$ cat upload05.pdb   # PDB, C-alpha atoms
ATOM      1  CA  MET W1385     -21.570 -26.242   5.134  1.00  0.00           C
ATOM      2  CA  VAL W1386     -19.420 -23.642   6.890  1.00  0.00           C
ATOM      3  CA  PRO W1387     -21.461 -20.873   8.616  1.00  0.00           C
ATOM      4  CA  TYR W1388     -19.569 -17.899   7.180  1.00  0.00           C
ATOM      5  CA  LEU W1389     -21.588 -15.319   9.119  1.00  0.00           C
ATOM      6  CA  SER W1390     -21.136 -16.945  12.540  1.00  0.00           C
ATOM      7  CA  LEU W1391     -19.246 -15.180  15.324  1.00  0.00           C
ATOM      8  CA  THR W1392     -16.790 -18.076  15.398  1.00  0.00           C
ATOM      9  CA  PHE W1393     -15.958 -17.691  11.713  1.00  0.00           C
ATOM     10  CA  LEU W1394     -15.648 -13.913  12.026  1.00  0.00           C
ATOM     11  CA  MET W1395     -13.139 -14.430  14.848  1.00  0.00           C
ATOM     12  CA  ALA W1396     -11.233 -16.848  12.638  1.00  0.00           C
ATOM     13  CA  LEU W1397     -11.358 -14.320   9.793  1.00  0.00           C
ATOM     14  CA  GLY W1398      -9.640 -11.777  12.026  1.00  0.00           C
ATOM     15  CA  CYS W1399      -6.971 -14.334  12.899  1.00  0.00           C
ATOM     16  CA  ALA W1400      -6.415 -15.087   9.199  1.00  0.00           C
ATOM     17  CA  LEU W1401      -6.014 -11.368   8.485  1.00  0.00           C
ATOM     18  CA  LEU W1402      -3.424 -11.123  11.272  1.00  0.00           C
ATOM     19  CA  LEU W1403      -1.652 -14.191   9.897  1.00  0.00           C
ATOM     20  CA  GLY W1404      -1.211 -12.454   6.553  1.00  0.00           C
ATOM     21  CA  VAL W1405       0.155  -9.394   8.355  1.00  0.00           C
ATOM     22  CA  ALA W1406       2.542 -11.602  10.348  1.00  0.00           C
ATOM     23  CA  LYS W1407       3.841 -13.391   7.245  1.00  0.00           C
ATOM     24  CA  SER W1408       4.620 -10.017   5.661  1.00  0.00           C
ATOM     25  CA  GLY W1409       7.369  -9.605   8.243  1.00  0.00           C
ATOM     26  CA  ILE W1410       5.714  -8.137  11.357  1.00  0.00           C
ATOM     27  CA  LYS W1411       6.779 -10.512  14.102  1.00  0.00           C
ATOM     28  CA  GLY W1412       4.978 -11.166  17.371  1.00  0.00           C
ATOM     29  CA  LEU W1413       1.482 -12.030  16.108  1.00  0.00           C
ATOM     30  CA  ALA W1414       1.713 -15.831  15.983  1.00  0.00           C
ATOM     31  CA  VAL W1415       0.612 -16.451  19.551  1.00  0.00           C
ATOM     32  CA  LEU W1416      -2.405 -14.158  19.178  1.00  0.00           C
ATOM     33  CA  ILE W1417      -3.452 -15.968  15.973  1.00  0.00           C
ATOM     34  CA  VAL W1418      -3.106 -19.433  17.525  1.00  0.00           C
ATOM     35  CA  THR W1419      -4.969 -18.300  20.649  1.00  0.00           C
ATOM     36  CA  GLY W1420      -7.874 -16.868  18.637  1.00  0.00           C
ATOM     37  CA  LEU W1421      -8.291 -19.979  16.496  1.00  0.00           C
ATOM     38  CA  ALA W1422      -8.016 -22.247  19.542  1.00  0.00           C
ATOM     39  CA  LEU W1423     -10.810 -20.303  21.220  1.00  0.00           C
ATOM     40  CA  ALA W1424     -12.893 -20.498  18.039  1.00  0.00           C
ATOM     41  CA  TYR W1425     -12.439 -24.155  17.062  1.00  0.00           C
ATOM     42  CA  GLY W1426     -10.673 -25.931  19.932  1.00  0.00           C
ATOM     43  CA  ALA W1427      -6.977 -26.322  20.647  1.00  0.00           C
ATOM     44  CA  LYS W1428      -6.180 -29.432  18.604  1.00  0.00           C
ATOM     45  CA  GLU W1429      -8.710 -29.003  15.781  1.00  0.00           C
ATOM     46  CA  SER W1430      -7.512 -25.462  15.143  1.00  0.00           C
ATOM     47  CA  THR W1431      -3.998 -26.698  14.303  1.00  0.00           C
ATOM     48  CA  GLY W1432      -5.371 -28.457  11.208  1.00  0.00           C
ATOM     49  CA  ILE W1433      -7.445 -25.446  10.134  1.00  0.00           C
ATOM     50  CA  LEU W1434      -4.392 -23.218  10.492  1.00  0.00           C
ATOM     51  CA  MET W1435      -2.022 -25.327   8.372  1.00  0.00           C
ATOM     52  CA  PRO W1436      -3.321 -24.349   4.879  1.00  0.00           C
ATOM     53  CA  LEU W1437      -3.404 -20.708   5.997  1.00  0.00           C
ATOM     54  CA  LEU W1438       0.215 -20.887   7.127  1.00  0.00           C
ATOM     55  CA  ILE W1439       1.299 -22.441   3.840  1.00  0.00           C
ATOM     56  CA  CYS W1440      -0.569 -19.761   1.886  1.00  0.00           C
ATOM     57  CA  GLY W1441       1.210 -17.074   3.923  1.00  0.00           C
ATOM     58  CA  ASP W1442       4.542 -18.865   3.497  1.00  0.00           C
ATOM     59  CA  ILE W1443       4.149 -18.891  -0.295  1.00  0.00           C
ATOM     60  CA  LEU W1444       3.427 -15.149  -0.343  1.00  0.00           C
ATOM     61  CA  ALA W1445       6.430 -14.449   1.915  1.00  0.00           C
ATOM     62  CA  VAL W1446       8.771 -16.681  -0.095  1.00  0.00           C
ATOM     63  CA  LEU W1447       7.773 -14.970  -3.346  1.00  0.00           C
ATOM     64  CA  TYR W1448       8.133 -11.466  -1.896  1.00  0.00           C
ATOM     65  CA  TYR W1449      11.400 -12.014   0.033  1.00  0.00           C
ATOM     66  CA  LYS W1450      12.960 -14.699  -2.214  1.00  0.00           C
ATOM     67  CA  ARG W1451      16.154 -12.710  -2.813  1.00  0.00           C
ATOM     68  CA  HIS W1452      16.923 -12.366   0.882  1.00  0.00           C
ATOM     69  CA  VAL W1453      17.124 -15.999   2.065  1.00  0.00           C
ATOM     70  CA  LYS W1454      20.370 -17.156   3.747  1.00  0.00           C
ATOM     71  CA  TRP W1455      20.467 -20.901   3.071  1.00  0.00           C
ATOM     72  CA  HIS W1456      23.489 -21.539   5.283  1.00  0.00           C
ATOM     73  CA  TYR W1457      21.655 -20.486   8.434  1.00  0.00           C
ATOM     74  CA  LEU W1458      18.421 -22.148   7.355  1.00  0.00           C
ATOM     75  CA  LEU W1459      20.161 -25.503   6.887  1.00  0.00           C
ATOM     76  CA  LYS W1460      21.760 -25.282  10.345  1.00  0.00           C
ATOM     77  CA  LEU W1461      18.337 -25.045  12.000  1.00  0.00           C
ATOM     78  CA  LEU W1462      16.178 -27.196   9.688  1.00  0.00           C
ATOM     79  CA  PRO W1463      17.312 -30.746  10.698  1.00  0.00           C
ATOM     80  CA  TRP W1464      16.736 -30.000  14.376  1.00  0.00           C
ATOM     81  CA  MET W1465      13.299 -28.576  13.647  1.00  0.00           C
ATOM     82  CA  ILE W1466      12.373 -31.710  11.709  1.00  0.00           C
ATOM     83  CA  LEU W1467      13.444 -33.831  14.673  1.00  0.00           C
ATOM     84  CA  GLY W1468      11.372 -31.625  16.993  1.00  0.00           C
ATOM     85  CA  VAL W1469       8.329 -32.035  14.724  1.00  0.00           C
ATOM     86  CA  LEU W1470       8.657 -35.834  14.897  1.00  0.00           C
ATOM     87  CA  VAL W1471       8.816 -35.705  18.690  1.00  0.00           C
ATOM     88  CA  GLY W1472       5.721 -33.479  18.663  1.00  0.00           C
ATOM     89  CA  VAL W1473       3.857 -35.921  16.391  1.00  0.00           C
ATOM     90  CA  PHE W1474       4.534 -38.797  18.772  1.00  0.00           C
ATOM     91  CA  LEU W1475       3.743 -36.947  22.013  1.00  0.00           C
ATOM     92  CA  GLY W1476       0.800 -34.909  20.734  1.00  0.00           C
ATOM     93  CA  LYS W1477      -1.154 -37.568  18.837  1.00  0.00           C
ATOM     94  CA  ASP W1478      -3.098 -39.112  21.720  1.00  0.00           C
ATOM     95  CA  LEU W1479      -3.200 -36.183  24.134  1.00  0.00           C
ATOM     96  CA  PRO W1480      -6.724 -35.517  25.514  1.00  0.00           C
ATOM     97  CA  GLU W1481      -8.220 -32.175  24.446  1.00  0.00           C
ATOM     98  CA  LYS W1482      -8.055 -30.760  27.983  1.00  0.00           C
ATOM     99  CA  LEU W1483      -4.370 -31.642  28.378  1.00  0.00           C
ATOM    100  CA  PHE W1484      -3.603 -30.440  24.832  1.00  0.00           C
ATOM    101  CA  LYS W1485      -5.330 -27.125  25.614  1.00  0.00           C
ATOM    102  CA  PHE W1486      -3.399 -26.780  28.886  1.00  0.00           C
ATOM    103  CA  GLY W1487      -0.105 -27.523  27.124  1.00  0.00           C
ATOM    104  CA  MET W1488      -0.845 -24.972  24.412  1.00  0.00           C
ATOM    105  CA  ALA W1489      -1.666 -22.306  27.000  1.00  0.00           C
ATOM    106  CA  VAL W1490       1.572 -23.031  28.868  1.00  0.00           C
ATOM    107  CA  ILE W1491       3.581 -22.797  25.635  1.00  0.00           C
ATOM    108  CA  ILE W1492       1.878 -19.504  24.782  1.00  0.00           C
ATOM    109  CA  LEU W1493       2.695 -17.976  28.155  1.00  0.00           C
ATOM    110  CA  ILE W1494       6.291 -19.257  28.098  1.00  0.00           C
ATOM    111  CA  SER W1495       6.685 -17.835  24.576  1.00  0.00           C
ATOM    112  CA  VAL W1496       5.436 -14.440  25.728  1.00  0.00           C
ATOM    113  CA  ILE W1497       7.806 -14.447  28.713  1.00  0.00           C
ATOM    114  CA  MET W1498      10.716 -15.463  26.479  1.00  0.00           C
ATOM    115  CA  MET W1499       9.998 -12.726  23.963  1.00  0.00           C
ATOM    116  CA  LEU W1500       9.672 -10.144  26.755  1.00  0.00           C
ATOM    117  CA  TYR W1501      13.056 -11.256  28.087  1.00  0.00           C
ATOM    118  CA  TRP W1502      14.778 -11.129  24.712  1.00  0.00           C
ATOM    119  CA  GLU W1503      13.176  -7.802  23.850  1.00  0.00           C
ATOM    120  CA  ARG W1504      14.958  -6.365  26.874  1.00  0.00           C
ATOM    121  CA  LYS W1505      18.213  -8.243  26.202  1.00  0.00           C
ATOM    122  CA  ASP W1506      18.391  -7.768  22.417  1.00  0.00           C
ATOM    123  CA  ARG W1507      21.609  -5.771  22.666  1.00  0.00           C
ATOM    124  CA  GLN W1508      23.442  -8.533  24.485  1.00  0.00           C
ATOM    125  CA  LYS W1509      25.354 -11.329  22.805  1.00  0.00           C
ATOM    126  CA  VAL W1510      23.318 -14.492  22.300  1.00  0.00           C
ATOM    127  CA  PRO W1511      25.130 -17.890  22.179  1.00  0.00           C
ATOM    128  CA  SER W1512      25.847 -19.029  18.612  1.00  0.00           C
ATOM    129  CA  HIS W1513      27.366 -22.493  19.278  1.00  0.00           C
ATOM    130  CA  TRP W1514      25.851 -25.386  17.268  1.00  0.00           C
ATOM    131  CA  SER W1515      24.178 -26.678  20.442  1.00  0.00           C
ATOM    132  CA  PHE W1516      22.197 -23.442  20.637  1.00  0.00           C
ATOM    133  CA  ALA W1517      20.853 -24.031  17.119  1.00  0.00           C
ATOM    134  CA  ALA W1518      20.058 -27.627  18.124  1.00  0.00           C
ATOM    135  CA  LEU W1519      18.131 -26.543  21.225  1.00  0.00           C
ATOM    136  CA  MET W1520      16.212 -23.760  19.478  1.00  0.00           C
ATOM    137  CA  GLY W1521      15.493 -26.014  16.487  1.00  0.00           C
ATOM    138  CA  MET W1522      14.165 -28.856  18.644  1.00  0.00           C
ATOM    139  CA  LEU W1523      11.965 -26.508  20.661  1.00  0.00           C
ATOM    140  CA  ALA W1524      10.757 -24.750  17.507  1.00  0.00           C
ATOM    141  CA  GLY W1525       9.942 -28.057  15.806  1.00  0.00           C
ATOM    142  CA  PHE W1526       8.078 -29.447  18.808  1.00  0.00           C
ATOM    143  CA  THR W1527       6.052 -26.292  19.410  1.00  0.00           C
ATOM    144  CA  THR W1528       5.222 -25.824  15.724  1.00  0.00           C
ATOM    145  CA  MET W1529       3.768 -29.350  15.581  1.00  0.00           C
ATOM    146  CA  VAL W1530       1.877 -29.162  18.877  1.00  0.00           C
ATOM    147  CA  GLY W1531       0.580 -25.624  18.543  1.00  0.00           C
ATOM    148  CA  ASN W1532       2.092 -23.780  15.529  1.00  0.00           C
ATOM    149  CA  LEU W1533       4.088 -21.701  18.021  1.00  0.00           C
ATOM    150  CA  ALA W1534       7.683 -21.936  16.811  1.00  0.00           C
ATOM    151  CA  GLY W1535       8.077 -18.197  16.279  1.00  0.00           C
ATOM    152  CA  ALA W1536       9.599 -17.299  19.653  1.00  0.00           C
ATOM    153  CA  PHE W1537      12.320 -19.935  19.404  1.00  0.00           C
ATOM    154  CA  SER W1538      13.220 -19.324  15.755  1.00  0.00           C
ATOM    155  CA  ASN W1539      13.271 -15.567  16.409  1.00  0.00           C
ATOM    156  CA  ILE W1540      15.777 -16.069  19.225  1.00  0.00           C
ATOM    157  CA  TYR W1541      17.992 -18.121  16.915  1.00  0.00           C
ATOM    158  CA  PHE W1542      17.914 -15.490  14.168  1.00  0.00           C
ATOM    159  CA  LEU W1543      18.642 -12.791  16.743  1.00  0.00           C
ATOM    160  CA  ALA W1544      21.704 -14.791  17.783  1.00  0.00           C
ATOM    161  CA  ILE W1545      23.209 -14.723  14.300  1.00  0.00           C
ATOM    162  CA  LYS W1546      22.243 -11.056  13.867  1.00  0.00           C
ATOM    163  CA  LEU W1547      20.518 -11.298  10.496  1.00  0.00           C
ATOM    164  CA  PRO W1548      19.401  -7.962   9.004  1.00  0.00           C
ATOM    165  CA  LYS W1549      15.622  -7.440   8.770  1.00  0.00           C
ATOM    166  CA  ASN W1550      15.039  -8.568   5.175  1.00  0.00           C
ATOM    167  CA  GLU W1551      17.362 -11.584   5.516  1.00  0.00           C
ATOM    168  CA  PHE W1552      15.640 -12.456   8.798  1.00  0.00           C
ATOM    169  CA  ILE W1553      12.205 -12.400   7.148  1.00  0.00           C
ATOM    170  CA  GLY W1554      13.309 -14.173   3.954  1.00  0.00           C
ATOM    171  CA  THR W1555      15.164 -16.968   5.733  1.00  0.00           C
ATOM    172  CA  ALA W1556      12.306 -17.515   8.194  1.00  0.00           C
ATOM    173  CA  ALA W1557       9.827 -17.588   5.291  1.00  0.00           C
ATOM    174  CA  TRP W1558      11.635 -20.450   3.548  1.00  0.00           C
ATOM    175  CA  LEU W1559      12.243 -22.282   6.835  1.00  0.00           C
ATOM    176  CA  PHE W1560       8.567 -22.352   7.777  1.00  0.00           C
ATOM    177  CA  PHE W1561       7.425 -23.078   4.232  1.00  0.00           C
ATOM    178  CA  ILE W1562       9.528 -26.262   4.265  1.00  0.00           C
ATOM    179  CA  ILE W1563       8.544 -27.223   7.816  1.00  0.00           C
ATOM    180  CA  ASN W1564       4.825 -26.610   7.294  1.00  0.00           C
ATOM    181  CA  LEU W1565       4.803 -28.774   4.156  1.00  0.00           C
ATOM    182  CA  PHE W1566       6.595 -31.478   6.157  1.00  0.00           C
ATOM    183  CA  LYS W1567       3.872 -31.329   8.843  1.00  0.00           C
ATOM    184  CA  VAL W1568       0.902 -31.744   6.486  1.00  0.00           C
ATOM    185  CA  PRO W1569       0.970 -35.582   6.158  1.00  0.00           C
ATOM    186  CA  PHE W1570       1.014 -35.955   9.948  1.00  0.00           C
ATOM    187  CA  HIS W1571      -2.011 -33.692  10.302  1.00  0.00           C
ATOM    188  CA  ILE W1572      -3.864 -35.707   7.656  1.00  0.00           C
ATOM    189  CA  TRP W1573      -2.966 -39.321   8.467  1.00  0.00           C
ATOM    190  CA  SER W1574      -1.668 -39.314  12.040  1.00  0.00           C
ATOM    191  CA  TRP W1575      -3.687 -36.684  13.909  1.00  0.00           C
ATOM    192  CA  GLY W1576      -6.635 -36.428  11.499  1.00  0.00           C
ATOM    193  CA  THR W1577      -6.839 -32.665  12.093  1.00  0.00           C
ATOM    194  CA  ILE W1578      -6.815 -31.860   8.356  1.00  0.00           C
ATOM    195  CA  ASN W1579      -9.974 -33.248   6.746  1.00  0.00           C
ATOM    196  CA  TRP W1580     -12.713 -32.116   4.389  1.00  0.00           C
ATOM    197  CA  ASP W1581     -14.508 -30.105   7.085  1.00  0.00           C
ATOM    198  CA  SER W1582     -11.354 -28.304   8.192  1.00  0.00           C
ATOM    199  CA  LEU W1583     -10.369 -27.590   4.571  1.00  0.00           C
ATOM    200  CA  GLN W1584     -13.715 -25.899   3.894  1.00  0.00           C
ATOM    201  CA  ILE W1585     -13.052 -23.531   6.795  1.00  0.00           C
ATOM    202  CA  SER W1586      -9.453 -22.947   5.686  1.00  0.00           C
ATOM    203  CA  LEU W1587     -10.430 -22.171   2.088  1.00  0.00           C
ATOM    204  CA  GLY W1588     -12.951 -19.608   3.294  1.00  0.00           C
ATOM    205  CA  LEU W1589     -10.203 -17.865   5.311  1.00  0.00           C
ATOM    206  CA  ILE W1590      -7.456 -17.731   2.663  1.00  0.00           C
ATOM    207  CA  PRO W1591      -8.637 -14.429   1.065  1.00  0.00           C
ATOM    208  CA  ALA W1592      -8.171 -12.765   4.455  1.00  0.00           C
ATOM    209  CA  VAL W1593      -4.588 -14.060   4.576  1.00  0.00           C
ATOM    210  CA  ILE W1594      -3.850 -12.464   1.192  1.00  0.00           C
ATOM    211  CA  ILE W1595      -5.427  -9.145   2.202  1.00  0.00           C
ATOM    212  CA  GLY W1596      -3.504  -9.212   5.485  1.00  0.00           C
ATOM    213  CA  PHE W1597      -0.213  -9.833   3.690  1.00  0.00           C
ATOM    214  CA  VAL W1598      -0.729  -6.835   1.391  1.00  0.00           C
ATOM    215  CA  LEU W1599      -1.682  -4.688   4.389  1.00  0.00           C
ATOM    216  CA  GLY W1600       1.326  -5.947   6.330  1.00  0.00           C
ATOM    217  CA  ILE W1601       3.783  -4.997   3.591  1.00  0.00           C
ATOM    218  CA  TYR W1602       2.551  -1.411   3.967  1.00  0.00           C
ATOM    219  CA  LEU W1603       2.654  -1.550   7.777  1.00  0.00           C
ATOM    220  CA  VAL W1604       6.206  -2.935   7.914  1.00  0.00           C
ATOM    221  CA  GLN W1605       7.511   0.477   6.881  1.00  0.00           C
ATOM    222  CA  LYS W1606       5.033   2.582   8.873  1.00  0.00           C
ATOM    223  CA  ILE W1607       4.576   0.973  12.276  1.00  0.00           C
ATOM    224  CA  ASN W1608       6.312   1.926  15.525  1.00  0.00           C
ATOM    225  CA  ASN W1609       7.769  -1.502  16.178  1.00  0.00           C
ATOM    226  CA  GLU W1610       8.667  -1.151  19.865  1.00  0.00           C
ATOM    227  CA  LYS W1611       5.224   0.011  21.019  1.00  0.00           C
ATOM    228  CA  TYR W1612       3.521  -2.444  18.677  1.00  0.00           C
ATOM    229  CA  ARG W1613       5.404  -5.470  20.054  1.00  0.00           C
ATOM    230  CA  GLN W1614       4.632  -4.436  23.625  1.00  0.00           C
ATOM    231  CA  LEU W1615       0.926  -4.324  22.773  1.00  0.00           C
ATOM    232  CA  ILE W1616       0.991  -7.687  21.001  1.00  0.00           C
ATOM    233  CA  LEU W1617       2.866  -9.344  23.866  1.00  0.00           C
ATOM    234  CA  LEU W1618       0.243  -8.040  26.304  1.00  0.00           C
ATOM    235  CA  LEU W1619      -2.667  -9.246  24.141  1.00  0.00           C
ATOM    236  CA  THR W1620      -1.124 -12.659  23.537  1.00  0.00           C
ATOM    237  CA  GLY W1621      -0.484 -13.143  27.248  1.00  0.00           C
ATOM    238  CA  ILE W1622      -4.159 -12.380  27.900  1.00  0.00           C
ATOM    239  CA  GLY W1623      -5.100 -14.785  25.101  1.00  0.00           C
ATOM    240  CA  GLY W1624      -2.989 -17.546  26.610  1.00  0.00           C
ATOM    241  CA  LEU W1625      -4.707 -17.070  29.968  1.00  0.00           C
ATOM    242  CA  ALA W1626      -8.106 -17.122  28.218  1.00  0.00           C
ATOM    243  CA  ILE W1627      -7.481 -20.655  26.955  1.00  0.00           C
ATOM    244  CA  PHE W1628      -7.233 -21.877  30.580  1.00  0.00           C
ATOM    245  CA  PHE W1629     -10.813 -20.695  31.179  1.00  0.00           C
ATOM    246  CA  GLN W1630     -12.374 -21.692  27.842  1.00  0.00           C
TER     247      GLN W1630
END
$ encode --input "upload05.pdb" --output "structure tokens"
Amino acid sequence: MVPYLSLTFLMALGCALLLGVAKSGIKGLAVLIVTGLALAYGAKESTGILMPLLICGDILAVLYYKRHVKWHYLLKLLPWMILGVLVGVFLGKDLPEKLFKFGMAVIILISVIMMLYWERKDRQKVPSHWSFAALMGMLAGFTTMVGNLAGAFSNIYFLAIKLPKNEFIGTAAWLFFIINLFKVPFHIWSWGTINWDSLQISLGLIPAVIIGFVLGIYLVQKINNEKYRQLILLLTGIGGLAIFFQ
């Protein structure tokens, strides 16, 4: 039985709420969500708990932004992400928990640094050659398999092609819906991180994802994005450091 009133579960509930908000289109929360769940359930185990929540959020985002997807750009990135996922499956399967945790923390901190850099450089031209899509796709695929942390790399790619906000959100929604479905069999049969115990936890968190998505749709139009992203980047950097000392 899942202890729904435990501090651990309440922390996870907050992460699930933030996940719903993030899937509504407010970028920059992924690292905070992954950090919180890793602190609650362990670095590797949390990746399996998170998968059903991500897919739930993806479905909501796909339904809400379905008219805004740009398939051409999605298909340029998707094959490279799939290849990155396969590399992540191979390299991440037998990693010890301590090394997995260290790797996740490093990825979190690198992601924060990258997003800080691109936040300051967002007016400059970003390379759009096919090799850029290949690099970002590989990195996104690897990090999404190892730690569900592809957001920074996919965001940089979509910044490069200068997608408007709704097209950005809609295309990313379909991209991650496809990729997350692709990852499920590996979590079940290769890593064993999705199992009956993890599913019980995930099912208990899904209502928070739905509530967070509805809340996020409202916030998308109300929030001061610049100040908000600065706060989230600060909190996620602190969260990444916290994993080192867990």
$ atom_distance --input "upload05.pdb" --atom1 "CA of Ala1414 (chain W)" --atom2 "CA of Val1604 (chain W)"
15.9 Å
$ residues_around --input "upload05.pdb" --residues "Asn1532 (chain W)" --least-positions-apart "4" --cutoff "8 Å" --atoms "all atoms listed in the file" --output "list of chain:residue names"
W:Ala1414, W:Val1418, W:Thr1431, W:Thr1527, W:Thr1528
$ resolve_selection --input "upload05.pdb" --expression "the PyMOL selection byres ((chain W and resi 1563-1577) around 10)" --output "PyMOL selection string"
chain W and resi 1428-1436+1438-1439+1442+1462-1463+1465-1466+1469-1470+1473-1474+1476-1478+1525+1528-1529+1532+1558-1562+1578-1583
$ residues_around --input "upload05.pdb" --residues "Phe1393 (chain W)" --least-positions-apart "3" --cutoff "12 Å" --atoms "all atoms listed in the file" --output "list in words"
Val1386, Pro1387, Tyr1388, Leu1389, Ser1390, Ala1396, Leu1397, Gly1398, Cys1399, Ala1400, Gly1420, Leu1421, Leu1423, Ala1424, Tyr1425, Ser1430, Ile1433, Gln1584, Ile1585, Ser1586, Leu1587, Gly1588, Leu1589 and Ala1592 of chain W
$ atom_distance --input "upload05.pdb" --atom1 "CA of Asn1550 (chain W)" --atom2 "CA of Leu1533 (chain W)"
21.4 Å
$ closest_residue --input "upload05.pdb" --among "W:Thr1419, W:Met1395, W:Phe1537, W:Pro1548" --to "Ile1497 (chain W)" --atoms "all atoms listed in the file"
W:Phe1537
$ decode --input "upload05.pdb" --residues "region 1520-1550 of chain W" --atoms "C-alpha atoms" --output "compact mmCIF listing (two decimals), in the first residue's frame"
# COMPACT_ATOMS: atom_id res chain seq x y z
CA MET W 1520 20.38 18.58 -29.64
CA GLY W 1521 18.28 15.50 -30.46
CA MET W 1522 20.95 13.07 -29.27
CA LEU W 1523 21.50 15.00 -26.05
CA ALA W 1524 17.75 15.35 -25.49
CA GLY W 1525 17.17 11.64 -26.08
CA PHE W 1526 19.99 10.56 -23.77
CA THR W 1527 19.01 12.91 -20.95
CA THR W 1528 15.30 12.07 -21.22
CA MET W 1529 16.08 8.36 -20.79
CA VAL W 1530 18.62 8.79 -17.98
CA GLY W 1531 16.80 11.47 -16.03
CA ASN W 1532 13.74 12.83 -17.90
CA LEU W 1533 15.72 16.04 -18.46
CA ALA W 1534 15.47 16.70 -22.19
CA GLY W 1535 13.77 20.07 -21.81
CA ALA W 1536 16.86 22.29 -21.94
CA PHE W 1537 18.14 20.73 -25.16
CA SER W 1538 14.79 20.61 -26.97
CA ASN W 1539 14.09 24.20 -25.89
CA ILE W 1540 17.38 25.33 -27.44
CA TYR W 1541 16.46 23.59 -30.70
CA PHE W 1542 13.02 25.21 -30.84
CA LEU W 1543 14.59 28.58 -30.05
CA ALA W 1544 16.90 28.06 -33.03
CA ILE W 1545 14.02 27.69 -35.47
CA LYS W 1546 12.14 30.58 -33.82
CA LEU W 1547 8.78 28.89 -33.35
CA PRO W 1548 6.01 31.14 -31.97
CA LYS W 1549 4.80 30.30 -28.44
CA ASN W 1550 1.79 28.12 -29.30
